[in-house]
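A.B. asks: Take a look at the following structure, please.
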Amino acid sequence: MAASIARIGAEVAAAKRWVGPDLRLVVLPEYVLTGFPMGEPVERWRDMAALAPDGPEYAALAAVAAREGLFLSGNAYESDPHFPELYFQASFVIDPAGAVVLRYRRLHSLYSPTPYDVWDRYLDVYGMDAVLPVARTEIGALACIASEEILYPELARALALRGAEVFCHSTSEVTSPALTPKQIGRRARAVENLAYVVSANSGGLHGIPIPGDSTSGGSEVVDYEGRVLAEAGGGESIVASAEIDLAALRRNRARPGMGNLPSRVKPALWADEYARHDVERPNGLDGRAPDRAWFAERQRDSIARLAGPR
């Protein structure tokens with residue numbers, strides 16, 4: 001991880017020289033320090049890959065942000081002293097002073113623990129504002145969305161209702177010349193919420209038995225009307241860079257009309273309807289480390305409930 005952070009630091013410095021001194025935000029891909037679990041038990045992955053929230057890896061990343069004078073967003077597996085048996089997947093934003101101004105723990109994950117799996121205890125410890133954080137910064141109101149969570153409109157909408165203007169999307173996803181579900185999701189979330197999406201995908205996979213270019217390319221910047229302002233091809237790249245025009249975004253959010261979708265949302269209607277449905281349930285782990293098979297069983301239970309009476 002230390003070697004990866006040193007490489008990232010050099011590449012961020014090069015990106016600033018290439019893009020220009022007004023580069024203020026860099027988003028790194030998902031799994032950028034570790035890759036992802038390949039069947040290891042939860043306890044093994046926690047001990048091997050999870051960063052301490054106040055650990056040396058975050059200090060090293062903070063030094064990169066401070067040295068280059070920019071906001072650095074990324075994604076890592078993370079331990080938590082309140083839940084010592086588990087790990088979470090966290091997205092973060094570090095400001096130019098080297099402070100972590102946003103820490104978001106992924107809420108939708110098929111094979112990893114999430115705050116929802118220890119929901120009551122998590123809320124007791126952190127509260128709802130920490131579950132759905134938005135950082136109000138000099139470059140706008142920032143929020144993080146992790147990987148496939150771009151496919152869940154409720155998450156982006158909740159963050160936008162809390163004021164988010166720019167979604168930092170760290171991802172590691174399969175790319176294709178054809179439009180993929182996550183590309184569609186990014187455009188949809190941008191339009192629905194009048195928000196920018198800055199999405200960083202992996203530049204390739206190394207050291208595991210998966211074709212290396214499966215997740216190569218596709219990093220992009222999408223504006224608040226769903227237009228792709230820049231997109232990277234395959235391999236490691238800084239090509240996906242573009243200007244974020246907050247003044248234009250804010251004018252559109254303040255303008256009455258059919259296109260101002262956030263102003264036309266009916267939260268109470270959907271809160272009542274959603275409350276009727278029993279799908280994935282909270283508090284399934286109660287703080288204990290699950291066997292990997294538990295995650296598949298949880299999904300089968302949810303599918304069975306979806307197939308039942310309405």
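Chains: A, B, ... in order of the structure tokens. Residues: from 1 per chain. Ligands: from 1, in order shown.
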Determine, counting only C-alpha atoms, which protein, DNA and RNA residues have an atom within 12 Å of an atom of Arg276 in chain A; residues of the same chain fewer than 5 positions away are not included. Present the result as a count of residues only.
C.D. replies: 6
A.B. asks: Among the residues of range 20-259 of chain A, find those DSSP assigns to strand (DSSP E) from the backbone and print them as a PyMOL selection string.
C.D. replies: chain A and resi 25-27+71-78+88-94+100-105+135-137+140-146+166-170+196-200+220-222+228-231
A.B. asks: Under the rule that only C-alpha atoms are counted, which of A:Thr215, A:Ser241, A:Ser263, A:Ser170 is the nearest residue to Ala143 in chain A?
C.D. replies: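 Checking each candidate against Ala143 in chain A, we get A:Ser170 as the closest.
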A.B. asks: What is the CA of Asn193 in chain A to CA of Ala156 in chain A distance in Å?
C.D. replies: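 One can read the CA of Asn193 in chain A to CA of Ala156 in chain A distance as 7.5 Å.
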A.B. asks: Can you list, as a ChimeraX atom specification, every protein, DNA or RNA residue that comes within 10 Å of range 252-256 of chain A when you count only C-alpha atoms, leaving out same-chain residues fewer than 2 positions away?
C.D. replies: /A:165,193-195,224-225,246-250,258-264
A.B. asks: Rank A:Gly185, A:Gly163, A:Gly203, A:Pro282 by their smallest atom-to-atom distance to His108 in chain A, using only C-alpha atoms, and report the top residue only.
C.D. replies: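 Of A:Gly185, A:Gly163, A:Gly203, A:Pro282, the one nearest His108 in chain A, counting only C-alpha atoms, is A:Pro282.
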A.B. asks: Give me every alpha helix (DSSP H) residue in range 52-257 of chain A, going by DSSP on the backbone, as a ChimeraX atom specification.
C.D. replies: /A:56-68,119-126,128-131,153-161,181-193,246-254
A.B. asks: Quote the spacing between CA of Leu61 in chain A and CA of Glu173 in chain A in Å to one decimal place.
C.D. replies: 23.2 Å
A.B. asks: Please report the interatomic distance between CA of Leu107 in chain A and CA of Arg136 in chain A in Å with one decimal.
C.D. replies: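 Spanning CA of Leu107 in chain A to CA of Arg136 in chain A is a straight-line distance of 21.4 Å.
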A.B. asks: Taking only C-alpha atoms into account, name the residue in A:Val279, A:Leu102, A:Leu161, A:Ala6 that is nearest to Arg305 in chain A.
C.D. replies: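 Ranked by minimum distance to Arg305 in chain A, first place goes to A:Val279.
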A.B. asks: So which one's closest to Arg106 in chain A, A:Leu229, A:Ala76, A:Ala146, A:Ala275? Using only C-alpha atoms, please.
C.D. replies: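 Going through A:Leu229, A:Ala76, A:Ala146, A:Ala275 one by one, the smallest distance to Arg106 in chain A is for A:Ala146.
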A.B. asks: Excluding Ala135 in chain A and residues on its chain fewer than 6 positions from it, collect all residues at most 9 Å away from it, counting only C-alpha atoms, and give them as a count of residues only.
C.D. replies: 7
A.B. asks: Could you pull the residues within 12 Å of Pro267 in chain A, counting only C-alpha atoms, minus those fewer than 5 positions along the same chain, as a PyMOL selection string?
C.D. replies: chain A and resi 154+157-158+161+262+272-274
A.B. asks: Could you write out the selected residues, including N, CA and C atoms, as a compact mmCIF listing (two decimals), in the first residue's frame?
C.D. replies:
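So the final result, stored in out-v1.txt, reads:
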```
# COMPACT_ATOMS: atom_id res chain seq x y z
N GLU A 154 -31.95 5.99 -5.09
CA GLU A 154 -32.30 6.53 -3.77
C GLU A 154 -31.09 7.15 -3.08
N ARG A 157 -30.17 10.52 -4.72
CA ARG A 157 -31.22 11.49 -4.44
C ARG A 157 -31.13 11.97 -3.00
N ALA A 158 -30.89 11.05 -2.05
CA ALA A 158 -30.77 11.45 -0.65
C ALA A 158 -29.59 12.41 -0.46
N LEU A 161 -30.55 15.78 -1.92
CA LEU A 161 -31.46 16.50 -1.01
C LEU A 161 -30.70 17.11 0.16
N PRO A 262 -35.11 18.01 -9.00
CA PRO A 262 -35.02 17.94 -7.53
C PRO A 262 -36.11 18.72 -6.82
N ASP A 272 -43.65 6.54 2.47
CA ASP A 272 -44.77 5.69 2.86
C ASP A 272 -44.80 4.40 2.04
N GLU A 273 -44.57 4.52 0.73
CA GLU A 273 -44.63 3.34 -0.12
C GLU A 273 -43.47 2.39 0.17
N TYR A 274 -42.27 2.91 0.28
CA TYR A 274 -41.10 2.06 0.56
C TYR A 274 -41.26 1.31 1.88
```
A.B. asks: For Ser109 in chain A, which residue out of A:Asp22, A:Asp278, A:Glu138, A:Glu148 is the nearest one, using only C-alpha atoms?
C.D. replies: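 Of A:Asp22, A:Asp278, A:Glu138, A:Glu148, the one nearest Ser109 in chain A, counting only C-alpha atoms, is A:Glu148.
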A.B. asks: Residues within 8 Å of Ser112 in chain A, please, as a ChimeraX atom specification. Count only C-alpha atoms; anything in the same chain fewer than 2 positions from it doesn't count.
C.D. replies: /A:42,87-89,109-110,114,295
A.B. asks: Determine, counting only C-alpha atoms, which protein, DNA and RNA residues have an atom within 7 Å of an atom of Val197 in chain A; residues of the same chain fewer than 3 positions away are not included. Present the result as a PyMOL selection string.
C.D. replies: chain A and resi 166-169+186+190+221-223
A.B. asks: Write the residues of the selection above to a file with all heavy atoms, as a tab-separated table (two decimals), in the first residue's frame.
C.D. replies:
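For reference, out32.tsv as written:
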```tsv
chain	number	residue	atom	x	y	z
A	166	VAL	N	-21.63	17.63	-6.44
A	166	VAL	CA	-20.67	16.82	-7.19
A	166	VAL	C	-20.58	15.45	-6.53
A	166	VAL	O	-20.29	15.36	-5.33
A	166	VAL	CB	-19.27	17.47	-7.21
A	166	VAL	CG1	-18.29	16.61	-8.00
A	166	VAL	CG2	-19.34	18.88	-7.80
A	167	PHE	N	-20.85	14.39	-7.30
A	167	PHE	CA	-20.70	13.03	-6.82
A	167	PHE	C	-19.33	12.51	-7.24
A	167	PHE	O	-19.02	12.43	-8.43
A	167	PHE	CB	-21.78	12.12	-7.40
A	167	PHE	CG	-23.19	12.48	-7.01
A	167	PHE	CD1	-24.19	12.55	-7.97
A	167	PHE	CD2	-23.52	12.74	-5.69
A	167	PHE	CE1	-25.50	12.86	-7.62
A	167	PHE	CE2	-24.82	13.06	-5.33
A	167	PHE	CZ	-25.81	13.13	-6.29
A	168	CYS	N	-18.51	12.14	-6.25
A	168	CYS	CA	-17.21	11.52	-6.51
A	168	CYS	C	-17.44	10.01	-6.55
A	168	CYS	O	-17.78	9.40	-5.53
A	168	CYS	CB	-16.22	11.89	-5.42
A	168	CYS	SG	-15.91	13.67	-5.26
A	169	HIS	N	-17.24	9.42	-7.72
A	169	HIS	CA	-17.62	8.03	-7.95
A	169	HIS	C	-16.37	7.19	-8.20
A	169	HIS	O	-15.85	7.13	-9.32
A	169	HIS	CB	-18.58	7.95	-9.15
A	169	HIS	CG	-19.04	6.56	-9.45
A	169	HIS	ND1	-19.01	6.02	-10.72
A	169	HIS	CD2	-19.57	5.60	-8.65
A	169	HIS	CE1	-19.50	4.79	-10.69
A	169	HIS	NE2	-19.85	4.51	-9.45
A	186	ARG	N	-24.79	6.69	-14.32
A	186	ARG	CA	-24.15	7.99	-14.09
A	186	ARG	C	-24.91	9.13	-14.77
A	186	ARG	O	-25.11	10.19	-14.18
A	186	ARG	CB	-22.70	7.95	-14.57
A	186	ARG	CG	-21.78	7.21	-13.62
A	186	ARG	CD	-20.33	7.36	-14.03
A	186	ARG	NE	-19.97	6.51	-15.15
A	186	ARG	CZ	-19.58	5.25	-15.05
A	186	ARG	NH1	-19.53	4.67	-13.87
A	186	ARG	NH2	-19.24	4.54	-16.12
A	190	ALA	N	-27.00	12.09	-12.75
A	190	ALA	CA	-26.67	13.48	-13.00
A	190	ALA	C	-27.92	14.28	-13.36
A	190	ALA	O	-28.18	15.36	-12.82
A	190	ALA	CB	-25.63	13.58	-14.11
A	221	VAL	N	-16.27	12.33	-16.78
A	221	VAL	CA	-16.89	13.44	-16.08
A	221	VAL	C	-18.21	13.73	-16.78
A	221	VAL	O	-18.24	13.97	-17.99
A	221	VAL	CB	-16.00	14.70	-16.08
A	221	VAL	CG1	-16.68	15.83	-15.31
A	221	VAL	CG2	-14.63	14.39	-15.48
A	222	VAL	N	-19.31	13.69	-16.01
A	222	VAL	CA	-20.65	13.89	-16.56
A	222	VAL	C	-21.23	15.15	-15.93
A	222	VAL	O	-21.15	15.34	-14.71
A	222	VAL	CB	-21.56	12.68	-16.24
A	222	VAL	CG1	-22.94	12.86	-16.86
A	222	VAL	CG2	-20.92	11.39	-16.73
A	223	ASP	N	-21.81	16.03	-16.76
A	223	ASP	CA	-22.35	17.26	-16.19
A	223	ASP	C	-23.80	17.08	-15.76
A	223	ASP	O	-24.39	16.00	-15.88
A	223	ASP	CB	-22.17	18.44	-17.16
A	223	ASP	CG	-23.20	18.50	-18.28
A	223	ASP	OD1	-24.07	17.59	-18.39
A	223	ASP	OD2	-23.15	19.46	-19.07
```
